[in-house]
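Q: So that we are looking at the same thing, I have put the structure below in structure tokens.
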Amino acid sequence: MARNKRQMRLSPRHVAYLQPEIVSEDLPPPPEGMHQASEADHRATIAKFFGDADPSDETWIFAYGSLIWKPACDYVEIRTGLLHGWHRAFCLGWNNRFRGSEENPGLMLALDRGGACKGALYRLPPGRRDECLIKLFEREMSWLPSAFPPRMVTVRSGERKINALTFCIDRNSGRYISGLSEAEIADVLAKAVGSRGSMADYLFATVEHLEQMGLHDPHLWRLQNLVAERIEAVYETDREV
């Protein structure tokens, strides 16, 4: 892994200011119009993408956000990769349960059409495809229908082209957020806190791990600076930064 050569402005000090009142990993009831996914639902999704393919064949996941720093399942290999045609964006809203509230809802990362995205490729253990994918879907698609359903994409990693499963925003889902400036996104990320932590923590962990892997995202880098600036303005007005 490449060393982090850039010094982030956003730091654990900033994140520490934004702590949830109640920490919980419990899944609340699904919003109106959605239902909690079952194992049968997840197995149907596996069948849709993999059909009669041998479970011991190579199965790859492309991670662009929290899966980079908190994988949902076991893996046996990790590579960096470049995905064309999709870009990483804070376009999944509004999160008022896990990393946001009714007063200050959060915005989550998803892949949106256009551009390109550098991320991590995880290869699942041979013969454990279904077990690992069910764990992944339980985390990423706990409620259905999903606003960012799975999709097969082709990722370039060195000389290889790898087919991988990832999650892309459904622009027709009703949860697609677009048109916000970086300043407006930073305003959201600097305030939102939910039962699983803050959006500042989510952004910090994502940028930190991307940098450690040698993957620089200029948009996220600017956002981390803007978010730190906003947190300092609220919590550190009486100290030198």
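Going through the structure tokens in order, the chains are called A, B, and so on, while each chain numbers its residues from 1 and the ligands are numbered from 1 in the order shown.
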I need the residues in range 14-228 of chain A that are helix (DSSP H, G or I) according to DSSP; give them as an mmCIF file with N, CA and C atoms, in the first residue's frame.

A:
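Output file selection_39.cif follows:
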data_model
loop_
_atom_site.group_PDB
_atom_site.id
_atom_site.type_symbol
_atom_site.label_atom_id
_atom_site.label_comp_id
_atom_site.auth_asym_id
_atom_site.auth_seq_id
_atom_site.Cartn_x
_atom_site.Cartn_y
_atom_site.Cartn_z
ATOM 1 N N HIS A 14 -11.599 16.545 14.682
ATOM 2 C CA HIS A 14 -12.843 17.110 14.160
ATOM 3 C C HIS A 14 -14.002 16.133 14.352
ATOM 4 N N VAL A 15 -13.741 14.879 14.021
ATOM 5 C CA VAL A 15 -14.785 13.851 14.125
ATOM 6 C C VAL A 15 -15.287 13.728 15.559
ATOM 7 N N ALA A 16 -14.394 13.897 16.535
ATOM 8 C CA ALA A 16 -14.761 13.723 17.940
ATOM 9 C C ALA A 16 -15.814 14.727 18.405
ATOM 10 N N GLU A 39 -33.470 -13.466 3.330
ATOM 11 C CA GLU A 39 -32.416 -14.259 2.708
ATOM 12 C C GLU A 39 -32.851 -14.733 1.325
ATOM 13 N N ALA A 40 -34.135 -15.032 1.196
ATOM 14 C CA ALA A 40 -34.645 -15.460 -0.111
ATOM 15 C C ALA A 40 -34.488 -14.344 -1.151
ATOM 16 N N ASP A 41 -34.718 -13.101 -0.728
ATOM 17 C CA ASP A 41 -34.512 -11.967 -1.633
ATOM 18 C C ASP A 41 -33.050 -11.905 -2.084
ATOM 19 N N HIS A 42 -32.146 -12.077 -1.141
ATOM 20 C CA HIS A 42 -30.719 -11.985 -1.470
ATOM 21 C C HIS A 42 -30.282 -13.142 -2.370
ATOM 22 N N ARG A 43 -30.815 -14.319 -2.125
ATOM 23 C CA ARG A 43 -30.468 -15.456 -2.983
ATOM 24 C C ARG A 43 -31.019 -15.251 -4.395
ATOM 25 N N ALA A 44 -32.157 -14.601 -4.495
ATOM 26 C CA ALA A 44 -32.709 -14.303 -5.821
ATOM 27 C C ALA A 44 -31.813 -13.318 -6.570
ATOM 28 N N THR A 45 -31.235 -12.358 -5.834
ATOM 29 C CA THR A 45 -30.309 -11.411 -6.456
ATOM 30 C C THR A 45 -29.048 -12.122 -6.928
ATOM 31 N N ILE A 46 -28.546 -13.040 -6.122
ATOM 32 C CA ILE A 46 -27.367 -13.821 -6.518
ATOM 33 C C ILE A 46 -27.664 -14.610 -7.792
ATOM 34 N N ALA A 47 -28.828 -15.236 -7.829
ATOM 35 C CA ALA A 47 -29.203 -16.020 -9.010
ATOM 36 C C ALA A 47 -29.315 -15.136 -10.246
ATOM 37 N N LYS A 48 -29.803 -13.912 -10.060
ATOM 38 C CA LYS A 48 -29.942 -12.980 -11.182
ATOM 39 C C LYS A 48 -28.594 -12.662 -11.818
ATOM 40 N N PHE A 49 -27.576 -12.479 -10.994
ATOM 41 C CA PHE A 49 -26.279 -12.061 -11.515
ATOM 42 C C PHE A 49 -25.356 -13.220 -11.869
ATOM 43 N N PHE A 50 -25.508 -14.340 -11.159
ATOM 44 C CA PHE A 50 -24.539 -15.411 -11.339
ATOM 45 C C PHE A 50 -25.143 -16.687 -11.917
ATOM 46 N N SER A 66 -17.672 3.142 1.902
ATOM 47 C CA SER A 66 -17.422 2.515 3.204
ATOM 48 C C SER A 66 -16.947 1.065 3.087
ATOM 49 N N LEU A 67 -17.249 0.401 1.994
ATOM 50 C CA LEU A 67 -16.755 -0.970 1.844
ATOM 51 C C LEU A 67 -15.230 -1.015 1.755
ATOM 52 N N ILE A 68 -14.603 0.120 1.414
ATOM 53 C CA ILE A 68 -13.147 0.162 1.375
ATOM 54 C C ILE A 68 -12.575 0.001 2.782
ATOM 55 N N TRP A 69 -13.184 0.688 3.742
ATOM 56 C CA TRP A 69 -12.632 0.665 5.103
ATOM 57 C C TRP A 69 -13.425 -0.205 6.071
ATOM 58 N N ARG A 129 -18.885 -17.904 -2.210
ATOM 59 C CA ARG A 129 -19.515 -16.773 -2.889
ATOM 60 C C ARG A 129 -20.849 -16.390 -2.278
ATOM 61 N N ASP A 130 -21.777 -17.350 -2.200
ATOM 62 C CA ASP A 130 -23.125 -17.033 -1.745
ATOM 63 C C ASP A 130 -23.132 -16.543 -0.302
ATOM 64 N N GLU A 131 -22.388 -17.214 0.554
ATOM 65 C CA GLU A 131 -22.316 -16.813 1.960
ATOM 66 C C GLU A 131 -21.847 -15.364 2.091
ATOM 67 N N CYS A 132 -20.785 -15.013 1.351
ATOM 68 C CA CYS A 132 -20.238 -13.665 1.442
ATOM 69 C C CYS A 132 -21.165 -12.630 0.810
ATOM 70 N N LEU A 133 -21.769 -12.971 -0.312
ATOM 71 C CA LEU A 133 -22.674 -12.019 -0.958
ATOM 72 C C LEU A 133 -23.904 -11.756 -0.115
ATOM 73 N N ILE A 134 -24.409 -12.751 0.587
ATOM 74 C CA ILE A 134 -25.559 -12.536 1.461
ATOM 75 C C ILE A 134 -25.191 -11.550 2.564
ATOM 76 N N LYS A 135 -23.994 -11.684 3.147
ATOM 77 C CA LYS A 135 -23.547 -10.724 4.161
ATOM 78 C C LYS A 135 -23.452 -9.315 3.575
ATOM 79 N N LEU A 136 -22.933 -9.244 2.363
ATOM 80 C CA LEU A 136 -22.821 -7.952 1.688
ATOM 81 C C LEU A 136 -24.192 -7.333 1.456
ATOM 82 N N PHE A 137 -25.117 -8.121 0.943
ATOM 83 C CA PHE A 137 -26.452 -7.604 0.655
ATOM 84 C C PHE A 137 -27.210 -7.249 1.936
ATOM 85 N N GLU A 138 -26.977 -8.004 2.997
ATOM 86 C CA GLU A 138 -27.638 -7.677 4.265
ATOM 87 C C GLU A 138 -27.239 -6.290 4.748
ATOM 88 N N ARG A 139 -26.031 -5.903 4.452
ATOM 89 C CA ARG A 139 -25.574 -4.567 4.849
ATOM 90 C C ARG A 139 -25.999 -3.489 3.861
ATOM 91 N N GLU A 140 -25.818 -3.754 2.570
ATOM 92 C CA GLU A 140 -26.049 -2.722 1.562
ATOM 93 C C GLU A 140 -27.493 -2.664 1.077
ATOM 94 N N GLU A 182 -20.133 21.844 -4.075
ATOM 95 C CA GLU A 182 -19.278 21.255 -3.049
ATOM 96 C C GLU A 182 -19.496 21.937 -1.704
ATOM 97 N N ALA A 183 -19.719 23.242 -1.711
ATOM 98 C CA ALA A 183 -19.963 23.962 -0.462
ATOM 99 C C ALA A 183 -21.252 23.472 0.198
ATOM 100 N N GLU A 184 -22.287 23.234 -0.591
ATOM 101 C CA GLU A 184 -23.555 22.759 -0.034
ATOM 102 C C GLU A 184 -23.419 21.339 0.503
ATOM 103 N N ILE A 185 -22.666 20.495 -0.203
ATOM 104 C CA ILE A 185 -22.432 19.133 0.289
ATOM 105 C C ILE A 185 -21.652 19.186 1.598
ATOM 106 N N ALA A 186 -20.633 20.047 1.659
ATOM 107 C CA ALA A 186 -19.845 20.185 2.885
ATOM 108 C C ALA A 186 -20.710 20.654 4.044
ATOM 109 N N ASP A 187 -21.659 21.532 3.792
ATOM 110 C CA ASP A 187 -22.575 21.975 4.848
ATOM 111 C C ASP A 187 -23.314 20.790 5.459
ATOM 112 N N VAL A 188 -23.737 19.867 4.606
ATOM 113 C CA VAL A 188 -24.451 18.675 5.064
ATOM 114 C C VAL A 188 -23.521 17.767 5.861
ATOM 115 N N LEU A 189 -22.360 17.485 5.300
ATOM 116 C CA LEU A 189 -21.450 16.521 5.910
ATOM 117 C C LEU A 189 -20.887 17.017 7.243
ATOM 118 N N MET A 199 -21.420 11.981 9.409
ATOM 119 C CA MET A 199 -20.971 12.030 8.028
ATOM 120 C C MET A 199 -19.514 12.481 7.954
ATOM 121 N N ALA A 200 -19.072 13.287 8.915
ATOM 122 C CA ALA A 200 -17.663 13.692 8.947
ATOM 123 C C ALA A 200 -16.765 12.477 9.146
ATOM 124 N N ASP A 201 -17.172 11.569 10.005
ATOM 125 C CA ASP A 201 -16.416 10.344 10.241
ATOM 126 C C ASP A 201 -16.395 9.484 8.973
ATOM 127 N N TYR A 202 -17.534 9.376 8.320
ATOM 128 C CA TYR A 202 -17.662 8.613 7.077
ATOM 129 C C TYR A 202 -16.721 9.173 6.006
ATOM 130 N N LEU A 203 -16.701 10.499 5.872
ATOM 131 C CA LEU A 203 -15.832 11.141 4.891
ATOM 132 C C LEU A 203 -14.366 10.952 5.263
ATOM 133 N N PHE A 204 -14.042 11.148 6.536
ATOM 134 C CA PHE A 204 -12.658 11.000 6.992
ATOM 135 C C PHE A 204 -12.134 9.598 6.689
ATOM 136 N N ALA A 205 -12.897 8.584 7.058
ATOM 137 C CA ALA A 205 -12.445 7.204 6.857
ATOM 138 C C ALA A 205 -12.274 6.888 5.380
ATOM 139 N N THR A 206 -13.174 7.382 4.552
ATOM 140 C CA THR A 206 -13.091 7.100 3.115
ATOM 141 C C THR A 206 -11.852 7.747 2.504
ATOM 142 N N VAL A 207 -11.642 9.027 2.774
ATOM 143 C CA VAL A 207 -10.488 9.725 2.201
ATOM 144 C C VAL A 207 -9.189 9.141 2.739
ATOM 145 N N GLU A 208 -9.128 8.886 4.042
ATOM 146 C CA GLU A 208 -7.914 8.343 4.650
ATOM 147 C C GLU A 208 -7.515 7.025 3.998
ATOM 148 N N HIS A 209 -8.476 6.120 3.820
ATOM 149 C CA HIS A 209 -8.150 4.812 3.257
ATOM 150 C C HIS A 209 -7.836 4.899 1.764
ATOM 151 N N LEU A 210 -8.514 5.766 1.039
ATOM 152 C CA LEU A 210 -8.162 5.958 -0.369
ATOM 153 C C LEU A 210 -6.721 6.434 -0.492
ATOM 154 N N GLU A 211 -6.348 7.405 0.329
ATOM 155 C CA GLU A 211 -4.986 7.937 0.273
ATOM 156 C C GLU A 211 -3.962 6.862 0.638
ATOM 157 N N GLN A 212 -4.276 6.043 1.637
ATOM 158 C CA GLN A 212 -3.368 4.979 2.035
ATOM 159 C C GLN A 212 -3.153 3.970 0.909
ATOM 160 N N PRO A 218 -9.776 14.032 -6.009
ATOM 161 C CA PRO A 218 -9.733 15.485 -5.801
ATOM 162 C C PRO A 218 -11.016 16.055 -5.198
ATOM 163 N N HIS A 219 -12.171 15.534 -5.609
ATOM 164 C CA HIS A 219 -13.452 16.016 -5.087
ATOM 165 C C HIS A 219 -13.563 15.742 -3.593
ATOM 166 N N LEU A 220 -13.277 14.522 -3.167
ATOM 167 C CA LEU A 220 -13.351 14.199 -1.745
ATOM 168 C C LEU A 220 -12.282 14.947 -0.957
ATOM 169 N N TRP A 221 -11.120 15.170 -1.578
ATOM 170 C CA TRP A 221 -10.065 15.907 -0.885
ATOM 171 C C TRP A 221 -10.502 17.346 -0.596
ATOM 172 N N ARG A 222 -11.142 17.962 -1.565
ATOM 173 C CA ARG A 222 -11.658 19.314 -1.325
ATOM 174 C C ARG A 222 -12.744 19.298 -0.265
ATOM 175 N N LEU A 223 -13.591 18.284 -0.298
ATOM 176 C CA LEU A 223 -14.671 18.199 0.680
ATOM 177 C C LEU A 223 -14.137 18.050 2.100
ATOM 178 N N GLN A 224 -13.103 17.222 2.288
ATOM 179 C CA GLN A 224 -12.595 17.039 3.650
ATOM 180 C C GLN A 224 -12.053 18.359 4.199
ATOM 181 N N ASN A 225 -11.450 19.173 3.345
ATOM 182 C CA ASN A 225 -10.950 20.471 3.787
ATOM 183 C C ASN A 225 -12.109 21.396 4.159
ATOM 184 N N LEU A 226 -13.144 21.406 3.337
ATOM 185 C CA LEU A 226 -14.303 22.260 3.594
ATOM 186 C C LEU A 226 -15.046 21.830 4.861
ATOM 187 N N VAL A 227 -15.181 20.516 5.067
ATOM 188 C CA VAL A 227 -15.876 20.022 6.253
ATOM 189 C C VAL A 227 -15.092 20.364 7.510
ATOM 190 N N ALA A 228 -13.772 20.186 7.487
ATOM 191 C CA ALA A 228 -12.952 20.547 8.640
ATOM 192 C C ALA A 228 -13.076 22.039 8.946
#

Q: Please report, as number ranges by chain, each residue of range 55-176 of chain A to which DSSP assigns strand (DSSP E or B) when run on this structure's backbone.

A: A: 60-63, 77-95, 106-123, 143-144, 150-157, 160-168, 176

Q: May I have the residues within 6 Å of range 75-82 of chain A as a count of residues only, using only C-alpha atoms and disregarding those fewer than 2 positions away in the same chain?

A: 12

Q: Choose the residue, out of A:Arg128, A:Arg171, A:His87, A:Arg97, that has the smallest atom-to-atom separation from Glu25 in chain A; count only C-alpha atoms.

A: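 Result for the nearest residue to Glu25 in chain A: A:Arg97.
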
Q: Take CA of Gln19 in chain A and CA of Gly194 in chain A and report the distance between them in Å, one decimal.

A: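 One can read the CA of Gln19 in chain A to CA of Gly194 in chain A distance as 8.4 Å.
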
Q: State, in Å with one decimal place, the distance from CA of Leu83 in chain A to CA of Thr154 in chain A.

A: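 Computed distance, CA of Leu83 in chain A to CA of Thr154 in chain A, equals 6.7 Å.
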
Q: With distances taken over only C-alpha atoms, which of A:Ile177, A:Met34, A:Met213, A:Ala116 is nearest to Phe90 in chain A?

A: A:Ile177
